[in-house]
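Undergrad: One file: data_36.pdb (PDB, C-alpha atoms).
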MODEL        1
ATOM      1  CA  MET I 184     -13.905  -0.440 -25.832
ATOM      2  CA  SER I 185     -13.876   3.190 -24.696
ATOM      3  CA  ALA I 186     -12.413   4.101 -21.317
ATOM      4  CA  GLU I 187     -15.723   5.271 -19.890
ATOM      5  CA  ASN I 188     -17.300   1.866 -20.474
ATOM      6  CA  MET I 189     -14.520  -0.201 -18.940
ATOM      7  CA  ARG I 190     -15.323  -2.005 -15.707
ATOM      8  CA  PHE I 191     -12.655  -2.166 -13.023
ATOM      9  CA  LEU I 192     -12.551  -4.451  -9.995
ATOM     10  CA  ILE I 193     -10.610  -2.978  -7.076
ATOM     11  CA  VAL I 194      -9.441  -5.588  -4.553
ATOM     12  CA  ASP I 195      -8.062  -4.429  -1.200
ATOM     13  CA  ASP I 196      -8.872  -5.306   2.407
ATOM     14  CA  PHE I 197      -8.759  -1.627   3.408
ATOM     15  CA  SER I 198     -11.863   0.305   2.381
ATOM     16  CA  THR I 199      -9.901   3.572   2.499
ATOM     17  CA  MET I 200      -7.508   2.300  -0.169
ATOM     18  CA  ARG I 201     -10.349   0.951  -2.324
ATOM     19  CA  ARG I 202     -11.960   4.386  -2.182
ATOM     20  CA  ILE I 203      -8.706   6.185  -3.034
ATOM     21  CA  ILE I 204      -8.107   3.963  -6.074
ATOM     22  CA  ARG I 205     -11.733   4.270  -7.163
ATOM     23  CA  ASN I 206     -11.574   8.074  -6.952
ATOM     24  CA  ILE I 207      -8.326   8.250  -8.917
ATOM     25  CA  LEU I 208      -9.680   5.936 -11.614
ATOM     26  CA  LYS I 209     -12.712   8.213 -11.874
ATOM     27  CA  GLU I 210     -10.458  11.275 -12.151
ATOM     28  CA  ILE I 211      -8.510   9.690 -15.001
ATOM     29  CA  GLY I 212     -11.635   8.726 -16.901
ATOM     30  CA  TYR I 213     -12.640   5.293 -15.643
ATOM     31  CA  ALA I 214     -15.940   5.770 -13.854
ATOM     32  CA  HIS I 215     -17.134   2.167 -13.573
ATOM     33  CA  ALA I 216     -15.603   0.254 -10.709
ATOM     34  CA  ASP I 217     -16.678  -2.400  -8.249
ATOM     35  CA  GLU I 218     -14.884  -3.417  -5.063
ATOM     36  CA  ALA I 219     -13.900  -6.603  -3.239
ATOM     37  CA  GLU I 220     -12.281  -6.900   0.193
ATOM     38  CA  ASP I 221     -10.189  -9.995  -0.544
ATOM     39  CA  GLY I 222      -9.235 -12.431  -3.283
ATOM     40  CA  GLN I 223     -12.053 -14.821  -2.496
ATOM     41  CA  VAL I 224     -14.765 -12.188  -2.886
ATOM     42  CA  ALA I 225     -12.994 -10.853  -5.986
ATOM     43  CA  LEU I 226     -12.906 -14.257  -7.652
ATOM     44  CA  ALA I 227     -16.620 -14.773  -6.991
ATOM     45  CA  LYS I 228     -17.380 -11.359  -8.522
ATOM     46  CA  LEU I 229     -15.166 -12.035 -11.532
ATOM     47  CA  LYS I 230     -17.051 -15.261 -12.182
ATOM     48  CA  SER I 231     -20.469 -13.699 -11.870
ATOM     49  CA  ALA I 232     -20.000 -10.449 -13.809
ATOM     50  CA  ALA I 233     -17.845  -9.125 -16.642
ATOM     51  CA  PHE I 234     -14.824  -6.985 -15.752
ATOM     52  CA  ASP I 235     -12.124  -5.506 -17.973
ATOM     53  CA  PHE I 236      -9.397  -4.706 -15.465
ATOM     54  CA  VAL I 237      -8.375  -5.815 -11.968
ATOM     55  CA  VAL I 238      -6.422  -3.654  -9.524
ATOM     56  CA  SER I 239      -5.385  -5.820  -6.597
ATOM     57  CA  ASP I 240      -3.560  -5.608  -3.301
ATOM     58  CA  ILE I 241      -1.403  -8.582  -2.253
ATOM     59  CA  ASN I 242      -1.533  -8.857   1.531
ATOM     60  CA  MET I 243      -5.185  -9.726   2.232
ATOM     61  CA  PRO I 244      -6.990 -12.258   4.412
ATOM     62  CA  ASN I 245      -8.707 -15.425   3.071
ATOM     63  CA  MET I 246      -7.123 -15.270  -0.369
ATOM     64  CA  ASN I 247      -4.138 -13.003  -1.005
ATOM     65  CA  GLY I 248      -3.307 -11.188  -4.219
ATOM     66  CA  PHE I 249      -0.852 -13.832  -5.454
ATOM     67  CA  GLN I 250      -3.464 -16.551  -5.018
ATOM     68  CA  LEU I 251      -6.050 -14.404  -6.786
ATOM     69  CA  LEU I 252      -3.629 -13.752  -9.646
ATOM     70  CA  GLN I 253      -2.862 -17.469  -9.994
ATOM     71  CA  SER I 254      -6.592 -18.321  -9.961
ATOM     72  CA  ILE I 255      -7.265 -15.738 -12.671
ATOM     73  CA  ARG I 256      -4.419 -16.998 -14.872
ATOM     74  CA  ALA I 257      -5.569 -20.607 -14.380
ATOM     75  CA  ASP I 258      -9.166 -19.878 -15.353
ATOM     76  CA  GLU I 259      -9.861 -20.202 -19.078
ATOM     77  CA  SER I 260     -12.459 -17.427 -19.100
ATOM     78  CA  LEU I 261     -10.439 -14.983 -16.972
ATOM     79  CA  LYS I 262      -6.816 -15.607 -17.930
ATOM     80  CA  GLY I 263      -6.551 -12.669 -20.354
ATOM     81  CA  LEU I 264      -7.706 -10.142 -17.771
ATOM     82  CA  PRO I 265      -5.138  -7.426 -16.971
ATOM     83  CA  VAL I 266      -4.175  -7.487 -13.282
ATOM     84  CA  LEU I 267      -2.308  -4.547 -11.797
ATOM     85  CA  MET I 268      -0.871  -5.202  -8.342
ATOM     86  CA  VAL I 269      -0.989  -2.188  -5.995
ATOM     87  CA  THR I 270       0.682  -3.202  -2.767
ATOM     88  CA  ALA I 271       2.862  -2.263   0.166
ATOM     89  CA  GLU I 272       4.950  -5.409  -0.391
ATOM     90  CA  ALA I 273       8.328  -3.919  -1.263
ATOM     91  CA  ARG I 274      10.465  -7.084  -1.251
ATOM     92  CA  LYS I 275      12.150  -7.737  -4.586
ATOM     93  CA  GLU I 276      11.214 -11.391  -4.145
ATOM     94  CA  ASP I 277       7.506 -10.452  -4.152
ATOM     95  CA  ILE I 278       7.875  -8.257  -7.251
ATOM     96  CA  VAL I 279       9.581 -11.112  -9.099
ATOM     97  CA  THR I 280       6.879 -13.574  -7.948
ATOM     98  CA  ALA I 281       4.158 -11.206  -9.174
ATOM     99  CA  ALA I 282       5.846 -10.809 -12.560
ATOM    100  CA  GLN I 283       6.363 -14.559 -12.934
ATOM    101  CA  SER I 284       2.765 -15.250 -11.907
ATOM    102  CA  GLY I 285       1.495 -13.057 -14.731
ATOM    103  CA  ALA I 286       0.890  -9.645 -13.157
ATOM    104  CA  SER I 287       0.398  -6.926 -15.758
ATOM    105  CA  GLY I 288       2.020  -4.282 -13.571
ATOM    106  CA  TYR I 289       3.232  -3.593 -10.035
ATOM    107  CA  ILE I 290       2.812  -0.414  -8.017
ATOM    108  CA  VAL I 291       4.300  -0.065  -4.569
ATOM    109  CA  LYS I 292       2.361   1.911  -1.964
ATOM    110  CA  PRO I 293       2.355   4.794  -1.238
ATOM    111  CA  PHE I 294       1.784   5.874  -4.823
ATOM    112  CA  THR I 295       0.744   9.002  -6.698
ATOM    113  CA  LYS I 296      -2.139   9.658  -9.053
ATOM    114  CA  ALA I 297       0.398  10.030 -11.893
ATOM    115  CA  THR I 298       1.869   6.574 -11.203
ATOM    116  CA  LEU I 299      -1.511   4.840 -11.236
ATOM    117  CA  GLU I 300      -2.541   6.675 -14.384
ATOM    118  CA  GLU I 301       0.747   5.827 -16.130
ATOM    119  CA  LYS I 302       0.588   2.119 -15.274
ATOM    120  CA  VAL I 303      -3.079   1.764 -16.271
ATOM    121  CA  GLN I 304      -2.431   3.528 -19.598
ATOM    122  CA  LYS I 305       0.668   1.403 -20.250
ATOM    123  CA  ILE I 306      -1.293  -1.810 -19.717
ATOM    124  CA  MET I 307      -4.128  -0.508 -21.909
ATOM    125  CA  GLN I 308      -1.647   0.317 -24.687
ATOM    126  CA  LYS I 309      -0.135  -3.177 -24.489
ATOM    127  CA  LEU I 310      -3.606  -4.638 -24.847
ATOM    128  CA  GLY I 311      -4.310  -2.307 -27.761
ATOM    129  CA  ARG I 312      -7.219  -0.583 -26.043
TER     130      ARG I 312
ATOM    131  CA  MET Z 270      17.165   5.864  62.725
ATOM    132  CA  VAL Z 271      17.728   2.639  60.770
ATOM    133  CA  ASP Z 272      21.196   2.080  59.348
ATOM    134  CA  ARG Z 273      20.530   0.947  55.762
ATOM    135  CA  LYS Z 274      24.239   0.346  55.075
ATOM    136  CA  ASP Z 275      24.341  -2.594  57.463
ATOM    137  CA  PRO Z 276      21.600  -5.091  56.545
ATOM    138  CA  GLY Z 277      22.659  -7.566  59.243
ATOM    139  CA  PRO Z 278      22.927 -11.375  59.251
ATOM    140  CA  ASP Z 279      19.217 -11.964  58.307
ATOM    141  CA  SER Z 280      19.707 -10.033  55.076
ATOM    142  CA  ASP Z 281      22.723 -12.173  54.103
ATOM    143  CA  GLU Z 282      20.556 -15.236  54.382
ATOM    144  CA  LEU Z 283      17.820 -13.552  52.313
ATOM    145  CA  TYR Z 284      20.295 -12.652  49.536
ATOM    146  CA  ARG Z 285      21.611 -16.206  49.548
ATOM    147  CA  LYS Z 286      18.065 -17.591  49.137
ATOM    148  CA  VAL Z 287      17.228 -15.135  46.352
ATOM    149  CA  GLY Z 288      20.459 -16.146  44.619
ATOM    150  CA  LEU Z 289      19.550 -19.808  44.958
ATOM    151  CA  LEU Z 290      16.024 -19.248  43.598
ATOM    152  CA  THR Z 291      17.406 -17.270  40.651
ATOM    153  CA  ARG Z 292      19.810 -20.093  39.836
ATOM    154  CA  GLN Z 293      16.989 -22.680  40.100
ATOM    155  CA  LEU Z 294      14.714 -20.567  37.876
ATOM    156  CA  HIS Z 295      17.487 -20.153  35.326
ATOM    157  CA  ASP Z 296      18.206 -23.907  35.291
ATOM    158  CA  SER Z 297      14.489 -24.748  35.036
ATOM    159  CA  LEU Z 298      14.020 -22.338  32.137
ATOM    160  CA  ARG Z 299      16.946 -23.880  30.294
ATOM    161  CA  GLU Z 300      15.726 -27.399  30.974
ATOM    162  CA  LEU Z 301      12.244 -26.622  29.652
ATOM    163  CA  GLY Z 302      13.550 -24.668  26.678
ATOM    164  CA  TYR Z 303      11.903 -21.440  27.788
ATOM    165  CA  ASP Z 304      15.161 -19.495  27.756
ATOM    166  CA  ARG Z 305      15.200 -19.622  23.955
ATOM    167  CA  GLN Z 306      11.576 -18.503  23.828
ATOM    168  CA  LEU Z 307      12.299 -15.577  26.108
ATOM    169  CA  GLU Z 308      15.324 -14.680  24.029
ATOM    170  CA  SER Z 309      13.168 -14.765  20.898
ATOM    171  CA  ALA Z 310      10.476 -12.638  22.556
ATOM    172  CA  VAL Z 311      13.007 -10.046  23.686
ATOM    173  CA  SER Z 312      14.687  -9.950  20.275
ATOM    174  CA  SER Z 313      11.343  -9.125  18.629
ATOM    175  CA  LEU Z 314      10.957  -5.948  20.688
ATOM    176  CA  PRO Z 315      13.307  -3.750  18.577
ATOM    177  CA  ASP Z 316      11.274  -4.793  15.504
ATOM    178  CA  ALA Z 317       8.072  -3.676  17.255
ATOM    179  CA  ARG Z 318       9.788  -0.413  18.195
ATOM    180  CA  ASN Z 319      10.745   0.175  14.529
ATOM    181  CA  ARG Z 320       7.218  -0.547  13.406
ATOM    182  CA  LEU Z 321       5.710   1.826  15.965
ATOM    183  CA  SER Z 322       8.154   4.549  14.878
ATOM    184  CA  TYR Z 323       7.087   3.943  11.276
ATOM    185  CA  ILE Z 324       3.408   4.379  12.259
ATOM    186  CA  SER Z 325       4.211   7.574  14.120
ATOM    187  CA  ARG Z 326       6.223   8.932  11.167
ATOM    188  CA  LEU Z 327       3.590   8.032   8.579
ATOM    189  CA  THR Z 328       0.630   9.436  10.512
ATOM    190  CA  GLY Z 329       2.622  12.619  11.171
ATOM    191  CA  GLN Z 330       3.447  13.000   7.473
ATOM    192  CA  ALA Z 331      -0.177  12.369   6.490
ATOM    193  CA  ALA Z 332      -1.456  14.993   8.947
ATOM    194  CA  GLU Z 333       1.114  17.454   7.627
ATOM    195  CA  LYS Z 334       0.108  16.772   4.004
ATOM    196  CA  VAL Z 335      -3.589  17.227   4.812
ATOM    197  CA  LEU Z 336      -3.059  20.469   6.710
ATOM    198  CA  ASN Z 337      -0.833  21.872   3.938
ATOM    199  CA  GLY Z 338      -3.388  20.869   1.311
ATOM    200  CA  VAL Z 339      -6.200  22.498   3.272
ATOM    201  CA  ASP Z 340      -4.163  25.711   3.678
ATOM    202  CA  ARG Z 341      -3.492  25.881  -0.064
ATOM    203  CA  ALA Z 342      -7.072  25.046  -1.039
ATOM    204  CA  LYS Z 343      -8.430  27.664   1.362
ATOM    205  CA  ALA Z 344      -6.089  30.284  -0.115
ATOM    206  CA  GLU Z 345      -7.392  29.436  -3.603
ATOM    207  CA  LEU Z 346     -10.992  29.729  -2.415
ATOM    208  CA  ASP Z 347     -10.245  33.053  -0.701
ATOM    209  CA  GLY Z 348      -8.817  34.278  -4.032
ATOM    210  CA  ILE Z 349     -11.959  33.207  -5.919
ATOM    211  CA  ALA Z 350     -14.205  34.906  -3.348
ATOM    212  CA  ALA Z 351     -12.162  38.138  -3.414
ATOM    213  CA  GLY Z 352     -12.102  38.125  -7.235
ATOM    214  CA  ALA Z 353     -15.872  37.602  -7.377
ATOM    215  CA  ALA Z 354     -16.431  40.504  -4.975
ATOM    216  CA  GLY Z 355     -14.229  42.740  -7.180
ATOM    217  CA  VAL Z 356     -16.058  41.751 -10.368
ATOM    218  CA  ALA Z 357     -19.445  42.280  -8.696
ATOM    219  CA  LEU Z 358     -18.403  45.796  -7.667
ATOM    220  CA  ALA Z 359     -17.137  46.593 -11.173
ATOM    221  CA  LEU Z 360     -20.343  45.279 -12.771
ATOM    222  CA  ARG Z 361     -22.499  47.347 -10.452
ATOM    223  CA  ALA Z 362     -20.477  50.481 -11.150
ATOM    224  CA  ASP Z 363     -20.207  50.166 -14.937
ATOM    225  CA  PRO Z 364     -21.242  46.830 -16.479
ATOM    226  CA  VAL Z 365     -20.115  47.707 -19.997
ATOM    227  CA  ALA Z 366     -16.672  48.828 -18.876
ATOM    228  CA  ALA Z 367     -16.279  45.777 -16.623
ATOM    229  CA  VAL Z 368     -16.855  43.483 -19.603
ATOM    230  CA  SER Z 369     -15.064  45.510 -22.278
ATOM    231  CA  SER Z 370     -11.972  45.981 -20.112
ATOM    232  CA  GLY Z 371     -11.645  42.207 -19.896
ATOM    233  CA  GLN Z 372     -12.015  42.193 -16.095
ATOM    234  CA  VAL Z 373     -14.915  39.726 -16.152
ATOM    235  CA  MET Z 374     -13.213  37.334 -18.578
ATOM    236  CA  ALA Z 375      -9.928  37.541 -16.664
ATOM    237  CA  TYR Z 376     -11.742  36.647 -13.463
ATOM    238  CA  LEU Z 377     -13.534  33.710 -15.072
ATOM    239  CA  GLU Z 378     -10.225  32.353 -16.379
ATOM    240  CA  GLU Z 379      -8.551  32.825 -12.997
ATOM    241  CA  ALA Z 380     -11.498  31.098 -11.274
ATOM    242  CA  ARG Z 381     -11.184  28.150 -13.654
ATOM    243  CA  LEU Z 382      -7.452  27.800 -12.919
ATOM    244  CA  ALA Z 383      -8.010  28.199  -9.173
ATOM    245  CA  ALA Z 384     -10.646  25.439  -9.295
ATOM    246  CA  GLN Z 385      -8.130  23.144 -11.044
ATOM    247  CA  ARG Z 386      -5.478  23.902  -8.427
ATOM    248  CA  THR Z 387      -7.986  23.297  -5.621
ATOM    249  CA  ASP Z 388      -8.937  19.992  -7.207
ATOM    250  CA  ALA Z 389      -5.271  18.972  -7.246
ATOM    251  CA  GLN Z 390      -5.012  19.830  -3.536
ATOM    252  CA  LEU Z 391      -8.100  17.746  -2.789
ATOM    253  CA  THR Z 392      -6.533  14.804  -4.645
ATOM    254  CA  GLU Z 393      -3.401  15.195  -2.500
ATOM    255  CA  ILE Z 394      -5.557  15.204   0.630
ATOM    256  CA  MET Z 395      -7.320  12.057  -0.564
ATOM    257  CA  LEU Z 396      -4.024  10.289  -1.333
ATOM    258  CA  ALA Z 397      -2.689  11.213   2.109
ATOM    259  CA  GLN Z 398      -5.326   8.878   3.560
ATOM    260  CA  ASP Z 399      -3.293   5.898   2.316
ATOM    261  CA  PHE Z 400      -1.633   5.957   5.732
ATOM    262  CA  HIS Z 401      -4.678   4.051   7.023
ATOM    263  CA  ASP Z 402      -3.823   1.049   4.854
ATOM    264  CA  LEU Z 403      -0.060   1.195   5.406
ATOM    265  CA  THR Z 404      -0.167   1.726   9.172
ATOM    266  CA  GLY Z 405      -3.042  -0.750   9.511
ATOM    267  CA  GLN Z 406      -0.854  -3.512   8.094
ATOM    268  CA  VAL Z 407       1.986  -2.605  10.432
ATOM    269  CA  ILE Z 408      -0.350  -2.405  13.447
ATOM    270  CA  ARG Z 409      -1.554  -5.961  12.684
ATOM    271  CA  LYS Z 410       2.064  -7.143  12.810
ATOM    272  CA  VAL Z 411       2.673  -5.378  16.132
ATOM    273  CA  VAL Z 412      -0.535  -6.857  17.589
ATOM    274  CA  ALA Z 413       0.548 -10.346  16.464
ATOM    275  CA  LEU Z 414       3.929  -9.730  18.063
ATOM    276  CA  ALA Z 415       2.338  -8.575  21.326
ATOM    277  CA  GLN Z 416       0.098 -11.664  21.351
ATOM    278  CA  SER Z 417       3.109 -13.899  20.773
ATOM    279  CA  LEU Z 418       4.978 -12.209  23.611
ATOM    280  CA  GLU Z 419       1.933 -12.540  25.852
ATOM    281  CA  SER Z 420       1.528 -16.244  25.144
ATOM    282  CA  GLN Z 421       5.206 -16.858  25.845
ATOM    283  CA  LEU Z 422       4.945 -15.069  29.171
ATOM    284  CA  VAL Z 423       1.802 -17.073  30.007
ATOM    285  CA  GLU Z 424       3.712 -20.279  29.218
ATOM    286  CA  LEU Z 425       6.447 -19.149  31.541
ATOM    287  CA  LEU Z 426       3.898 -18.405  34.271
ATOM    288  CA  LEU Z 427       2.277 -21.813  33.828
ATOM    289  CA  ALA Z 428       5.670 -23.490  33.883
ATOM    290  CA  SER Z 429       6.378 -21.951  37.270
ATOM    291  CA  THR Z 430       3.265 -23.630  38.714
ATOM    292  CA  ALA Z 431       2.624 -27.330  39.254
ATOM    293  CA  GLY Z 432       1.368 -29.383  36.281
ATOM    294  CA  ALA Z 433       2.662 -26.948  33.676
ATOM    295  CA  PRO Z 434       1.941 -27.866  30.042
ATOM    296  CA  ALA Z 435       4.725 -28.356  27.525
ATOM    297  CA  PRO Z 436       5.802 -25.190  25.637
ATOM    298  CA  ALA Z 437       4.061 -26.296  22.431
ATOM    299  CA  ALA Z 438       0.720 -26.659  24.231
ATOM    300  CA  VAL Z 439      -0.025 -22.914  24.139
ATOM    301  CA  ALA Z 440      -1.187 -21.752  20.726
ATOM    302  CA  ARG Z 441       0.600 -18.849  19.082
ATOM    303  CA  PRO Z 442      -1.012 -16.478  16.573
ATOM    304  CA  ALA Z 443       0.036 -17.116  13.017
ATOM    305  CA  VAL Z 444       2.075 -14.369  11.414
ATOM    306  CA  GLY Z 445       1.643 -14.019   7.660
ATOM    307  CA  ALA Z 446       4.501 -14.855   5.334
ATOM    308  CA  LEU Z 447       4.067 -11.545   3.537
ATOM    309  CA  SER Z 448       6.085  -8.802   5.128
ATOM    310  CA  GLY Z 449       3.854  -5.752   4.575
ATOM    311  CA  PRO Z 450       5.272  -2.244   4.206
ATOM    312  CA  ALA Z 451       9.061  -1.951   4.386
ATOM    313  CA  VAL Z 452       9.396  -0.157   7.699
ATOM    314  CA  THR Z 453      13.118   0.480   7.191
ATOM    315  CA  THR Z 454      14.833   0.448   3.794
ATOM    316  CA  ALA Z 455      18.213   1.955   4.676
ATOM    317  CA  GLY Z 456      21.030  -0.507   4.076
ATOM    318  CA  ARG Z 457      18.680  -3.222   2.790
ATOM    319  CA  THR Z 458      19.105  -4.793  -0.620
ATOM    320  CA  ASP Z 459      16.093  -7.126  -0.443
ATOM    321  CA  VAL Z 460      13.483  -4.365  -0.701
ATOM    322  CA  VAL Z 461      12.731  -1.488  -3.050
ATOM    323  CA  SER Z 462      12.320   2.027  -1.725
ATOM    324  CA  SER Z 463      10.618   3.692  -4.704
ATOM    325  CA  GLN Z 464       8.393   3.013  -7.704
ATOM    326  CA  SER Z 465      11.337   3.646 -10.057
ATOM    327  CA  GLN Z 466      13.200   0.748  -8.434
ATOM    328  CA  VAL Z 467      10.139  -1.463  -9.007
ATOM    329  CA  ASP Z 468      10.068  -0.395 -12.661
ATOM    330  CA  ASP Z 469      13.816  -1.045 -13.079
ATOM    331  CA  LEU Z 470      13.487  -4.505 -11.560
ATOM    332  CA  LEU Z 471      10.535  -5.393 -13.795
ATOM    333  CA  GLU Z 472      12.383  -4.057 -16.817
ATOM    334  CA  SER Z 473      15.388  -6.241 -15.985
ATOM    335  CA  LEU Z 474      12.981  -9.194 -16.007
ATOM    336  CA  GLY Z 475      11.735  -8.250 -19.455
ATOM    337  CA  PHE Z 476       8.448  -6.639 -18.386
TER     338      PHE Z 476
ENDMDL
END
In structure tokens, how does this file's structure come out?

TA:
Amino acid sequence: MSAENMRFLIVDDFSTMRRIIRNILKEIGYAHADEAEDGQVALAKLKSAAFDFVVSDINMPNMNGFQLLQSIRADESLKGLPVLMVTAEARKEDIVTAAQSGASGYIVKPFTKATLEEKVQKIMQKLGR
Amino acid sequence: MVDRKDPGPDSDELYRKVGLLTRQLHDSLRELGYDRQLESAVSSLPDARNRLSYISRLTGQAAEKVLNGVDRAKAELDGIAAGAAGVALALRADPVAAVSSGQVMAYLEEARLAAQRTDAQLTEIMLAQDFHDLTGQVIRKVVALAQSLESQLVELLLASTAGAPAPAAVARPAVGALSGPAVTTAGRTDVVSSQSQVDDLLESLGF
């Protein structure tokens, strides 16, 4: 699938951050993105429409990023979906938990455009896209 | 004129009573377990102070980044406008010479590069807005802390009146298990302070 056709789901409780990530994805060639304000809304969207990539925060109300990640990995139809965590959680313990729960990548906020681009490309390469 | 150095016998009695009340209050607090709560409330204040300093630092840095980005972008736009005025003059004076000398092409190339540099500045300005997310998370923690402090003081107030409820009777706001942004990283080994440290840690785990 070409980059311009890929559909991203950006999950973050702060609309400012969702907009920043959306704009950067657009700048690096990924124009199709939808947004969700927490894990619960994200999971509902993932089950009702097709997405190719999830960029998710961790610290969110209702359902946090770890819970969302675990739900995705436990769901037969979603488990292969790449999930990049973009979060302010800087504890090593959280990074290890994310990796062990099946995160495809981990970016700590604040981040640069170059970092997001590099991590997305790296995940894409691993998936052979 | 009143002699303030000699409070007199009535004042001695007053001091004695205040001393007695203080002792009774102290004993009551210990008996009810409120002394530990107060100690916990007071010990959380330096954490709140650190968090507020972090907010102040981050918002200051973001404002600085935005203003610098705007200055640079405006300088680029001024350059494009000045270049366009120069090319317009040259074209009006001698269109053939303006083109054949390469002035028009040079301007177009410079305008293209200036637009790229301006775009990069705009991206920086956009990224600087991440302070809203980072400080927002910290503000939530400070608000939760203030609510906790408030409820502990209310408990104390209730305890000083007749029919006070037990300490556990007043609900406290829940504070999330996730820690949010690392407000201070100096001297800490449990947090990372850069993306390269995240990458190193993941690499050590085989990712």

Undergrad: The ChimeraX specification (/I :<7) & /Z on the file shown: which residues, as a ChimeraX atom specification?

TA: /Z:395-396,399,401-403,447-451,459-461,464

Undergrad: Mind giving me the straight-line distance from CA of Leu377 in chain Z to CA of Ile211 in chain I in Å, one decimal?

TA: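 CA of Ile211 in chain I lies at a distance of 24.5 Å from CA of Leu377 in chain Z.
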
Undergrad: At a cut-off of 12 Å from (-5.4, 0.5, -25.8) in the coordinates of the file, what residues are picked up using all atoms listed in the file, written as number ranges by chain?

TA: I: 184-186, 189, 235, 265, 303-312

Undergrad: Rounded to one decimal, what separation in Å do you get between CA of Gln390 in chain Z and CA of Gly338 in chain Z?

TA: 5.2 Å

Undergrad: Which residues are close to Leu261 in chain I, i.e. within 10 Å by all atoms listed in the file, leaving aside same-chain residues fewer than 2 positions away? Reply as a list in words.

TA: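 In the requested form, the answer reads Leu226, Leu229, Lys230, Ala233, Phe234, Asp235, Ser254, Ile255, Arg256, Ala257, Asp258, Glu259, Gly263, Leu264 and Pro265 of chain I.
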
Undergrad: Under the rule that only C-alpha atoms are counted, which of Z:Leu298, Z:Leu474, Z:Leu314, Z:Leu307 is the nearest residue to Val412 in chain Z?

TA: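 Counting only C-alpha atoms, the residue closest to Val412 in chain Z is Z:Leu314.
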
Undergrad: Expressed in Å to a single decimal, how great is the separation between CA of Ala342 in chain Z and CA of Leu382 in chain Z?

TA: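 For CA of Ala342 in chain Z relative to CA of Leu382 in chain Z, the distance reads 12.2 Å.
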
Undergrad: What's the 7 Å shell around Met246 in chain I, counting all atoms listed in the file, without same-chain residues fewer than 5 positions away, as a list in words?

TA: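 Once the adjacent positions are removed, what remains is Asp221, Gly222, Gln223 and Leu251 of chain I.
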
Undergrad: Carefully work through the PyMOL selection byres ((chain Z and resi 310) around 12) for this structure and note down the residues it includes, as a PDB file with C-alpha atoms, in the frame of the given file.

TA:
ATOM      1  CA  TYR Z 303      11.903 -21.440  27.788  1.00  0.00           C
ATOM      2  CA  ASP Z 304      15.161 -19.495  27.756  1.00  0.00           C
ATOM      3  CA  ARG Z 305      15.200 -19.622  23.955  1.00  0.00           C
ATOM      4  CA  GLN Z 306      11.576 -18.503  23.828  1.00  0.00           C
ATOM      5  CA  LEU Z 307      12.299 -15.577  26.108  1.00  0.00           C
ATOM      6  CA  GLU Z 308      15.324 -14.680  24.029  1.00  0.00           C
ATOM      7  CA  SER Z 309      13.168 -14.765  20.898  1.00  0.00           C
ATOM      8  CA  VAL Z 311      13.007 -10.046  23.686  1.00  0.00           C
ATOM      9  CA  SER Z 312      14.687  -9.950  20.275  1.00  0.00           C
ATOM     10  CA  SER Z 313      11.343  -9.125  18.629  1.00  0.00           C
ATOM     11  CA  LEU Z 314      10.957  -5.948  20.688  1.00  0.00           C
ATOM     12  CA  PRO Z 315      13.307  -3.750  18.577  1.00  0.00           C
ATOM     13  CA  ASP Z 316      11.274  -4.793  15.504  1.00  0.00           C
ATOM     14  CA  ALA Z 317       8.072  -3.676  17.255  1.00  0.00           C
ATOM     15  CA  ALA Z 413       0.548 -10.346  16.464  1.00  0.00           C
ATOM     16  CA  LEU Z 414       3.929  -9.730  18.063  1.00  0.00           C
ATOM     17  CA  ALA Z 415       2.338  -8.575  21.326  1.00  0.00           C
ATOM     18  CA  GLN Z 416       0.098 -11.664  21.351  1.00  0.00           C
ATOM     19  CA  SER Z 417       3.109 -13.899  20.773  1.00  0.00           C
ATOM     20  CA  LEU Z 418       4.978 -12.209  23.611  1.00  0.00           C
ATOM     21  CA  GLU Z 419       1.933 -12.540  25.852  1.00  0.00           C
ATOM     22  CA  SER Z 420       1.528 -16.244  25.144  1.00  0.00           C
ATOM     23  CA  GLN Z 421       5.206 -16.858  25.845  1.00  0.00           C
ATOM     24  CA  LEU Z 422       4.945 -15.069  29.171  1.00  0.00           C
ATOM     25  CA  LEU Z 425       6.447 -19.149  31.541  1.00  0.00           C
TER      26      LEU Z 425
END

Undergrad: Enclose all atoms of range 362-365 of chain Z listed in the file in an axis-aligned box, grow every side by 3 Å, and hand back centre and edge lengths in Å to one decimal, as AutoDock Vina command-line options.

TA:
--center_x -20.7 --center_y 48.7 --center_z -15.6 --size_x 7.1 --size_y 9.7 --size_z 14.8
